[in-house]
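Visitor: Just coords.txt, nothing more (compact mmCIF, C-alpha atoms):
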```
# COMPACT_ATOMS: atom_id res chain seq x y z
CA ALA A 28 -14.54 -53.27 -0.40
CA LEU A 29 -12.45 -55.31 -2.86
CA ALA A 30 -10.94 -52.15 -4.36
CA ALA A 31 -10.01 -50.83 -0.93
CA ALA A 32 -8.57 -54.21 0.09
CA VAL A 33 -6.08 -54.17 -2.78
CA GLY A 34 -5.13 -50.54 -2.22
CA SER A 35 -7.35 -48.80 -4.79
CA ARG A 36 -8.86 -46.42 -2.28
CA THR A 37 -9.70 -43.79 -4.89
CA ASP A 38 -11.76 -46.30 -6.88
CA ALA A 39 -13.46 -47.49 -3.69
CA ALA A 40 -14.31 -43.92 -2.72
CA LEU A 41 -15.70 -43.16 -6.18
CA VAL A 42 -17.90 -46.27 -6.20
CA ALA A 43 -19.14 -45.52 -2.67
CA ALA A 44 -19.91 -41.91 -3.61
CA ILE A 45 -21.81 -42.91 -6.76
CA THR A 46 -23.78 -45.60 -4.91
CA GLY A 47 -24.56 -43.28 -1.99
CA THR A 48 -25.66 -40.46 -4.27
CA SER A 49 -27.84 -42.83 -6.27
CA ALA A 50 -29.46 -44.12 -3.07
CA LEU A 51 -30.08 -40.58 -1.78
CA VAL A 52 -31.58 -39.25 -5.01
CA GLY A 53 -33.57 -42.46 -5.49
CA GLY A 54 -34.98 -42.13 -1.97
CA VAL A 55 -36.03 -38.53 -2.58
CA GLN A 56 -37.66 -39.57 -5.86
CA ARG A 57 -39.55 -42.37 -4.11
CA VAL A 58 -40.84 -40.06 -1.35
CA ARG A 59 -42.05 -37.54 -3.94
CA THR A 60 -43.75 -40.32 -5.91
CA GLU A 61 -45.51 -41.72 -2.82
CA ARG A 62 -46.77 -38.24 -1.92
CA ALA A 63 -48.07 -37.72 -5.46
CA LEU A 64 -49.85 -41.08 -5.38
CA ALA A 65 -51.32 -40.37 -1.95
CA GLU A 66 -52.70 -37.05 -3.21
CA LEU A 67 -54.12 -38.76 -6.29
CA PHE A 68 -55.80 -41.44 -4.19
CA SER A 69 -57.27 -38.84 -1.84
CA ARG A 70 -58.76 -36.94 -4.78
CA SER A 71 -60.22 -40.07 -6.37
CA ALA A 72 -61.35 -41.74 -3.13
CA ILE A 73 -64.79 -43.34 -3.28
CA GLY A 74 -67.33 -41.72 -0.98
CA ALA A 75 -70.02 -43.54 0.94
CA ARG A 76 -73.27 -42.34 2.50
CA VAL A 77 -73.39 -43.82 5.99
CA ARG A 78 -76.07 -43.79 8.65
CA ARG A 79 -74.44 -43.15 12.03
CA ALA A 80 -76.12 -41.99 15.23
CA GLY A 81 -79.38 -41.53 13.37
CA THR A 82 -77.94 -39.17 10.75
CA GLU A 83 -76.72 -39.72 7.21
CA ARG A 84 -73.24 -38.46 6.41
CA LEU A 85 -70.71 -38.77 3.58
CA VAL A 86 -67.41 -40.46 4.48
CA ALA A 87 -64.48 -41.92 2.54
CA ALA A 88 -64.74 -45.59 1.72
CA GLY A 89 -61.51 -46.21 3.61
CA ASP A 90 -63.19 -45.04 6.84
CA LEU A 91 -65.90 -47.70 6.69
CA VAL A 92 -65.91 -50.52 9.25
CA PRO A 93 -67.97 -53.72 9.39
CA GLY A 94 -71.40 -52.95 10.80
CA ASP A 95 -71.77 -49.54 9.14
CA ILE A 96 -75.09 -48.95 7.36
CA VAL A 97 -74.59 -47.52 3.86
CA VAL A 98 -77.18 -45.99 1.53
CA LEU A 99 -76.76 -46.56 -2.21
CA ARG A 100 -78.35 -44.80 -5.16
CA PRO A 101 -78.05 -45.12 -8.97
CA GLU A 102 -74.49 -44.67 -10.32
CA ASP A 103 -72.98 -45.12 -6.84
CA VAL A 104 -69.89 -47.31 -6.55
CA VAL A 105 -70.27 -49.92 -3.82
CA PRO A 106 -67.61 -48.91 -1.24
CA ALA A 107 -67.22 -52.30 0.52
CA ASP A 108 -68.66 -55.80 0.61
CA CYS A 109 -72.18 -55.43 2.01
CA ARG A 110 -75.26 -57.51 2.81
CA LEU A 111 -78.56 -56.04 1.66
CA LEU A 112 -81.07 -54.89 4.24
CA GLU A 113 -83.45 -53.05 1.91
CA ALA A 114 -83.67 -52.88 -1.87
CA GLU A 115 -85.99 -51.11 -4.29
CA GLY A 116 -85.66 -52.16 -7.95
CA LEU A 117 -81.96 -52.71 -7.37
CA GLU A 118 -79.69 -53.78 -10.22
CA VAL A 119 -75.90 -53.83 -9.96
CA ASP A 120 -73.19 -53.89 -12.63
CA GLU A 121 -70.74 -56.58 -11.46
CA SER A 122 -68.72 -56.79 -14.68
CA SER A 123 -65.56 -55.53 -12.96
CA LEU A 124 -65.69 -58.51 -10.58
CA THR A 125 -67.41 -61.36 -12.42
CA GLY A 126 -67.23 -60.34 -16.08
CA GLU A 127 -71.04 -60.47 -16.37
CA SER A 128 -71.98 -57.87 -18.98
CA LEU A 129 -75.60 -57.37 -17.88
CA PRO A 130 -76.77 -55.73 -14.63
CA VAL A 131 -77.64 -58.26 -11.93
CA PRO A 132 -80.91 -57.91 -9.97
CA LYS A 133 -80.47 -57.95 -6.20
CA ASP A 134 -82.80 -58.89 -3.36
CA PRO A 135 -82.44 -58.79 0.45
CA ALA A 136 -83.75 -62.36 0.82
CA PRO A 137 -80.98 -64.59 2.27
CA VAL A 138 -79.30 -66.83 -0.30
CA ALA A 139 -76.77 -69.63 0.21
CA ALA A 140 -74.53 -69.90 -2.85
CA ALA A 141 -70.97 -71.11 -3.34
CA HIS A 142 -70.16 -68.65 -6.13
CA ILE A 143 -70.50 -64.88 -5.87
CA THR A 144 -72.69 -64.72 -8.98
CA GLY A 145 -75.40 -66.56 -7.07
CA ARG A 146 -75.32 -64.38 -3.98
CA ARG A 147 -78.18 -62.06 -4.85
CA SER A 148 -78.33 -60.58 -1.36
CA MET A 149 -74.73 -59.38 -1.42
CA LEU A 150 -73.05 -56.29 -2.87
CA TYR A 151 -69.33 -56.23 -3.61
CA GLU A 152 -66.76 -53.47 -3.49
CA GLY A 153 -66.01 -51.82 -6.83
CA THR A 154 -69.30 -52.76 -8.48
CA THR A 155 -71.75 -50.05 -9.58
CA VAL A 156 -75.44 -49.52 -8.87
CA SER A 157 -77.15 -49.45 -12.28
CA ALA A 158 -80.68 -48.84 -11.04
CA GLY A 159 -82.72 -48.69 -7.88
CA ARG A 160 -81.87 -47.86 -4.29
CA ALA A 161 -80.55 -49.91 -1.42
CA VAL A 162 -79.63 -49.94 2.24
CA ALA A 163 -76.91 -52.42 3.21
CA VAL A 164 -74.66 -53.31 6.11
CA VAL A 165 -70.89 -53.49 5.62
CA VAL A 166 -69.52 -57.00 6.24
CA ALA A 167 -65.95 -56.70 4.88
CA THR A 168 -63.48 -53.94 4.01
CA GLY A 169 -59.95 -53.64 2.60
CA THR A 170 -58.17 -56.88 1.85
CA SER A 171 -61.03 -58.89 3.37
CA THR A 172 -63.32 -58.04 0.45
CA GLU A 173 -63.64 -60.25 -2.62
CA VAL A 174 -61.75 -57.77 -4.81
CA GLY A 175 -59.18 -57.19 -2.06
CA ARG A 176 -58.39 -60.90 -1.84
CA SER A 177 -58.16 -61.15 -5.62
CA LEU A 178 -55.73 -58.22 -5.79
CA ALA A 179 -53.62 -59.64 -2.97
CA THR A 180 -53.39 -63.01 -4.73
CA ALA A 181 -52.53 -61.39 -8.05
CA ARG A 182 -49.87 -59.26 -6.37
CA GLN A 183 -48.22 -62.32 -4.82
CA ALA A 184 -48.18 -64.19 -8.12
CA ALA A 185 -47.19 -61.21 -10.28
CA PRO A 186 -44.35 -62.11 -12.65
CA VAL A 187 -41.27 -59.93 -13.03
CA THR A 188 -41.70 -57.99 -16.26
CA GLY A 189 -40.52 -54.92 -18.12
CA VAL A 190 -37.37 -53.07 -17.15
CA GLU A 191 -36.87 -55.15 -14.00
CA ALA A 192 -36.77 -58.35 -16.04
CA ARG A 193 -34.35 -56.84 -18.54
CA LEU A 194 -32.03 -55.68 -15.77
CA THR A 195 -32.11 -59.17 -14.27
CA ARG A 196 -31.18 -60.72 -17.62
CA LEU A 197 -28.44 -58.13 -18.12
CA THR A 198 -27.00 -58.86 -14.68
CA ARG A 199 -27.02 -62.61 -15.22
CA ALA A 200 -25.26 -62.19 -18.57
CA SER A 201 -22.70 -59.57 -17.53
CA LEU A 202 -21.69 -60.88 -14.09
CA PRO A 203 -20.02 -64.10 -15.33
CA ILE A 204 -18.24 -62.11 -18.06
CA ALA A 205 -16.95 -59.54 -15.56
CA LEU A 206 -15.75 -62.18 -13.11
CA GLY A 207 -14.25 -64.29 -15.90
CA SER A 208 -12.39 -61.30 -17.34
CA ALA A 209 -11.02 -60.35 -13.92
CA THR A 210 -9.89 -63.91 -13.32
CA ALA A 211 -8.23 -64.04 -16.75
CA VAL A 212 -6.36 -60.77 -16.11
CA CYS A 213 -5.21 -62.03 -12.71
CA ALA A 214 -4.01 -65.33 -14.17
CA ALA A 215 -2.22 -63.62 -17.06
CA GLY A 216 -0.43 -61.28 -14.68
CA LEU A 217 0.75 -64.14 -12.51
CA LEU A 218 1.98 -66.05 -15.57
CA HIS A 219 4.03 -63.01 -16.62
CA GLY A 220 5.58 -62.79 -13.17
CA ARG A 221 3.84 -59.64 -11.93
CA LYS A 222 3.31 -59.04 -8.23
CA LEU A 223 0.15 -60.53 -6.76
CA THR A 224 -0.94 -57.17 -5.34
CA ASP A 225 -0.63 -55.41 -8.71
CA THR A 226 -2.39 -58.27 -10.48
CA LEU A 227 -5.28 -58.29 -8.00
CA ALA A 228 -5.61 -54.51 -8.28
CA SER A 229 -5.91 -54.73 -12.07
CA ALA A 230 -8.43 -57.55 -11.82
CA VAL A 231 -10.56 -55.73 -9.25
CA ASN A 232 -10.46 -52.48 -11.26
CA LEU A 233 -11.66 -54.36 -14.33
CA ALA A 234 -14.49 -56.00 -12.36
CA VAL A 235 -15.53 -52.66 -10.85
CA ALA A 236 -15.46 -50.98 -14.25
CA SER A 237 -17.74 -53.71 -15.62
CA VAL A 238 -20.51 -52.83 -13.13
CA PRO A 239 -22.73 -49.91 -14.27
CA GLU A 240 -23.37 -48.47 -10.80
CA GLY A 241 -25.55 -45.69 -12.20
CA LEU A 242 -27.81 -47.83 -14.37
CA PRO A 243 -30.19 -49.10 -11.65
CA PHE A 244 -30.47 -45.53 -10.34
CA LEU A 245 -31.32 -44.14 -13.77
CA VAL A 246 -33.93 -46.84 -14.36
CA ASN A 247 -35.45 -46.33 -10.91
CA ALA A 248 -35.56 -42.55 -11.34
CA ALA A 249 -37.19 -42.89 -14.75
CA GLN A 250 -39.84 -45.27 -13.44
CA LEU A 251 -40.66 -43.04 -10.45
CA ALA A 252 -40.85 -39.95 -12.66
CA ALA A 253 -43.23 -41.80 -14.98
CA ALA A 254 -45.34 -42.83 -11.99
CA ARG A 255 -45.62 -39.18 -10.87
```
Let me see whether you can do it: turn the structure in this file into structure tokens.

Guide:
Amino acid sequence: ALAAAVGSRTDAALVAAITGTSALVGGVQRVRTERALAELFSRSAIGARVRRAGTERLVAAGDLVPGDIVVLRPEDVVPADCRLLEAEGLEVDESSLTGESLPVPKDPAPVAAAHITGRRSMLYEGTTVSAGRAVAVVVATGTSTEVGRSLATARQAAPVTGVEARLTRLTRASLPIALGSATAVCAAGLLHGRKLTDTLASAVNLAVASVPEGLPFLVNAAQLAAAR
């Protein structure tokens, strides 16, 4: 917009074309990445044995709803937060959630405990059945589970790191230099008696040249390709 305002329409068109092309290619890359991730998630989705309408069937964990009755066997991954109804020699590996290295024995007897390590009648999503069998009722799914809430909290508090942080630092360092250089060129031109329009054009061209329009696109494309 600045380049066009001072008459540098060619520069304005070039910047617009580069930015538009970057946005288009970046969008295509993002769609391809999301499709690849969706396919990966569908292949690695956790299954759950559910009792519905008197029959036992295998469904994806994402299809579970509170109130479903799930059947668990050794080496099964718990698909959602559940309350035990029946248990036979049940032990669960909760290291992924609590850090406890040893399997935890479970029992259907109701327990009131403030911390999840004391809730022996509960099973939590992402933990693994080490031994025994169980029948449990789903009480929470998705972001309502213990691990879901933890992930949501971690996502909100996640610091900016890696390439994104470096780009931010680069922008903060280069922007004042670009603006300062443009201002200096403009001031020098005015001191030498040049026309204001010519001086502004030179200053704007310098500022535009200081901005690497293709760099964010290249970084984004590289990250998406790595994700795929």

Visitor: Which is closest to A:Pro239 among A:Leu197, A:Ala158, A:Ala88, A:Leu99, if we use all atoms listed in the file?

Guide: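 Ranking A:Leu197, A:Ala158, A:Ala88, A:Leu99 by distance to A:Pro239, first place goes to A:Leu197.
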
Visitor: Env of A:Ile143: 12 Å cut, atoms = only C-alpha atoms, seq-sep filter 5 positions within chain, self excluded. Answer as a list in words.

Guide: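 Listing them by chain and then by number gives Asp108, Glu121, Leu124, Thr125, Gly126, Glu127, Val131, Val138, Ser148, Met149, Leu150, Tyr151, Thr172, Glu173 and Val174 of chain A.
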
Visitor: Keeping only C-alpha atoms, write the selected residues as a short mmCIF file (atom, residue, chain, number, x, y, z; two decimals), in the frame of the given file.

Guide:
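Done, and the output landed in selection-v3.cif:
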```cif
data_model
loop_
_atom_site.label_atom_id
_atom_site.label_comp_id
_atom_site.auth_asym_id
_atom_site.auth_seq_id
_atom_site.Cartn_x
_atom_site.Cartn_y
_atom_site.Cartn_z
CA ASP A 108 -68.66 -55.80 0.61
CA GLU A 121 -70.74 -56.58 -11.46
CA LEU A 124 -65.69 -58.51 -10.58
CA THR A 125 -67.41 -61.36 -12.42
CA GLY A 126 -67.23 -60.34 -16.08
CA GLU A 127 -71.04 -60.47 -16.37
CA VAL A 131 -77.64 -58.26 -11.93
CA VAL A 138 -79.30 -66.83 -0.30
CA SER A 148 -78.33 -60.58 -1.36
CA MET A 149 -74.73 -59.38 -1.42
CA LEU A 150 -73.05 -56.29 -2.87
CA TYR A 151 -69.33 -56.23 -3.61
CA THR A 172 -63.32 -58.04 0.45
CA GLU A 173 -63.64 -60.25 -2.62
CA VAL A 174 -61.75 -57.77 -4.81
#
```

Visitor: One decimal, Å: what's the distance from atom CA of A:Val162 over to atom CA of A:Val98, could you say?

Guide: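 Calculated distance between atom CA of A:Val162 and atom CA of A:Val98 is 4.7 Å.
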
Visitor: Need to verify the contact set: A:Leu129, 12 Å, only C-alpha atoms, exclusion of same-chain residues closer than 4 positions in sequence. Can you return it as a ChimeraX atom specification?

Guide: /A:118-123,125,144,155-157

Visitor: Would you compute the distance between atom CA of A:Lys133 and atom CA of A:Arg110? Give it in Å to one decimal.

Guide: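 These atoms are spaced 10.4 Å apart.
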
Visitor: Measure the distance from atom CA of A:Val190 to atom CA of A:Ala249 in Å and round it to one decimal.

Guide: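 Interatomic distance here is 10.5 Å.
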
Visitor: Could you check which of A:Leu194, A:Val77, A:Ala139, A:Val104 is closest to A:Phe244, using only C-alpha atoms?

Guide: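 Checking each of A:Leu194, A:Val77, A:Ala139, A:Val104 against A:Phe244, counting only C-alpha atoms, the winner is A:Leu194.
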
Visitor: Restricting the calculation to only C-alpha atoms: of A:Val52, A:Ala214, A:Val42, A:Leu29, which residue gets closest to A:Leu251?

Guide: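 Going through A:Val52, A:Ala214, A:Val42, A:Leu29 one by one, the smallest distance to A:Leu251 is for A:Val52.
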
Visitor: I'd like the contact shell of stretch 202-205 of chain A - 9 Å cut-off, only C-alpha atoms, skipping same-chain residues fewer than 2 positions apart - returned as a ChimeraX atom specification.

Guide: /A:197-200,207-210,233-238

Visitor: Convert the current residue selection to file output with C-alpha atoms, as a PDB file, in the coordinates of the input.

Guide:
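Output file selection31.pdb follows:
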```pdb
ATOM      1  CA  LEU A 197     -28.440 -58.130 -18.120  1.00  0.00           C
ATOM      2  CA  THR A 198     -27.000 -58.860 -14.680  1.00  0.00           C
ATOM      3  CA  ARG A 199     -27.020 -62.610 -15.220  1.00  0.00           C
ATOM      4  CA  ALA A 200     -25.260 -62.190 -18.570  1.00  0.00           C
ATOM      5  CA  GLY A 207     -14.250 -64.290 -15.900  1.00  0.00           C
ATOM      6  CA  SER A 208     -12.390 -61.300 -17.340  1.00  0.00           C
ATOM      7  CA  ALA A 209     -11.020 -60.350 -13.920  1.00  0.00           C
ATOM      8  CA  THR A 210      -9.890 -63.910 -13.320  1.00  0.00           C
ATOM      9  CA  LEU A 233     -11.660 -54.360 -14.330  1.00  0.00           C
ATOM     10  CA  ALA A 234     -14.490 -56.000 -12.360  1.00  0.00           C
ATOM     11  CA  VAL A 235     -15.530 -52.660 -10.850  1.00  0.00           C
ATOM     12  CA  ALA A 236     -15.460 -50.980 -14.250  1.00  0.00           C
ATOM     13  CA  SER A 237     -17.740 -53.710 -15.620  1.00  0.00           C
ATOM     14  CA  VAL A 238     -20.510 -52.830 -13.130  1.00  0.00           C
TER      15      VAL A 238
END
```
